[in-house]
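Peer 1: The structure is given below, and queries will be raised subsequently.
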Amino acid sequence: MATTAKKTKLTAKQERYIAQEAKRAPKVQVDQKVVLFAWIIAVAVAFISSAIVSFNGITAVAQFVGLSAAWMASLFFFFIELMYLIFLIAYLVLASRVDEDGAPEKTWGALLGMIAFGGIAVLANAFHTLDYWKWDITNPQVWAGVVLSISAPIAIISASKLASRVVFARAISE
């Protein structure tokens with residue numbers, strides 16, 4: 001008889017729990033297409049923003065190459081950002097494939113290229129900021145500017161690498 005009363009009490013607890021849960025808003029599954037597409041859009045906007053920020057640094061540093069026309073500095077920007085984008089897409093595609101033996105494709109070459117061209121943008125932005133402040137490294141504004149100017153390309157490298165794990169499917173090896 002005691003066990004029957006205990007079961008009834010447990011059932012009453014469960015009913016209260018069910019009644020409470022019925023009043024709550026349903027839980028949202030975050031891993032849905034709308035969230036993933038929003039993430040892709042956010043990364044794209046960040047990439048464009050980073051490119052705009054890097055444009056100033058890259059084109060200013062490109063002047064030191066000794067160009068025959070000032071407009072050619074823009075070509076360096078497009079070359080560096082385009083190569084970064086090409087390596088990024090190659091990395092994402094290769095990370096989602098398997099080779100003939102069923103092993104995940106090697107991505108180190110694409111990752112290296114992406115980091116190299118991102119690194120060029122980082123160096124150009126830092127150099128431009130230092131040059132703008134006449135290399136006065138005792139000025140705190142110099143360091144604030146350097147940190148801010150290099151954060152854009154570094155953020156894109158990080159977000160791009162993360163996109164391969166968050167949004168895009170990984171290779172399935174047999």
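Residues in the structure tokens are numbered from 1 in each chain, the chains being A, B, ... in the order shown, and ligands are numbered from 1 in the order shown.
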In chain A, what's helix (DSSP H, G or I) per DSSP? Answer as number ranges by chain?

Peer 2: A: 2-23, 33-65, 70-95, 108-132, 140-166

Peer 1: Could you tell me which of A:Trp39, A:Phe64, A:Phe79, A:Tyr91 comes closest to Asp131 (chain A) if we count only C-alpha atoms?

Peer 2: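 Selected residue with least distance to Asp131 (chain A): A:Phe64.
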
Peer 1: Name all residues at most 7 Å from Ala73 (chain A) (count only C-alpha atoms; drop same-chain ones fewer than 3 positions away) and give them as a PyMOL selection string.

Peer 2: chain A and resi 59+62-63+70+76-77

Peer 1: Find the residues near region 43-46 of chain A: any atom within 9 Å, counting only C-alpha atoms, skip ones fewer than 2 places away on the same chain, and give them as a ChimeraX atom specification.

Peer 2: /A:38-41,48-51,152,155-156,159-160,163

Peer 1: Which residues are near region 132-146 of chain A? Cut-off 10 Å, only C-alpha atoms, ignore same chain within fewer than 6 positions. Put them as a list in words.

Peer 2: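 Once the adjacent positions are removed, what remains is Gly57, Ala60, Val122, Leu123, Asn125 and Ala126 of chain A.
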
Peer 1: Please determine, counting only C-alpha atoms, which residue among A:Val167, A:Leu82, A:Ile154, A:Leu148 has the shortest atom-to-atom distance to Ala95 (chain A).

Peer 2: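 Nearest candidate to Ala95 (chain A) out of A:Val167, A:Leu82, A:Ile154, A:Leu148: A:Val167.
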
Peer 1: Just give me the gap between CA of Ile86 (chain A) and CA of Leu130 (chain A) in Å, one decimal is fine.

Peer 2: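 CA of Ile86 (chain A) sits 29.1 Å away from CA of Leu130 (chain A).
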
Peer 1: Would you mind telling me which residue in A:Ala22, A:Val147, A:Lys161, A:Val61 lies nearest to Ile120 (chain A) when using only C-alpha atoms?

Peer 2: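 The answer is A:Val61, which sits nearest to Ile120 (chain A).
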
Peer 1: Using Å and a single decimal, report how far CA of Phe117 (chain A) sits from CA of Tyr84 (chain A).

Peer 2: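 The value is 5.4 Å.
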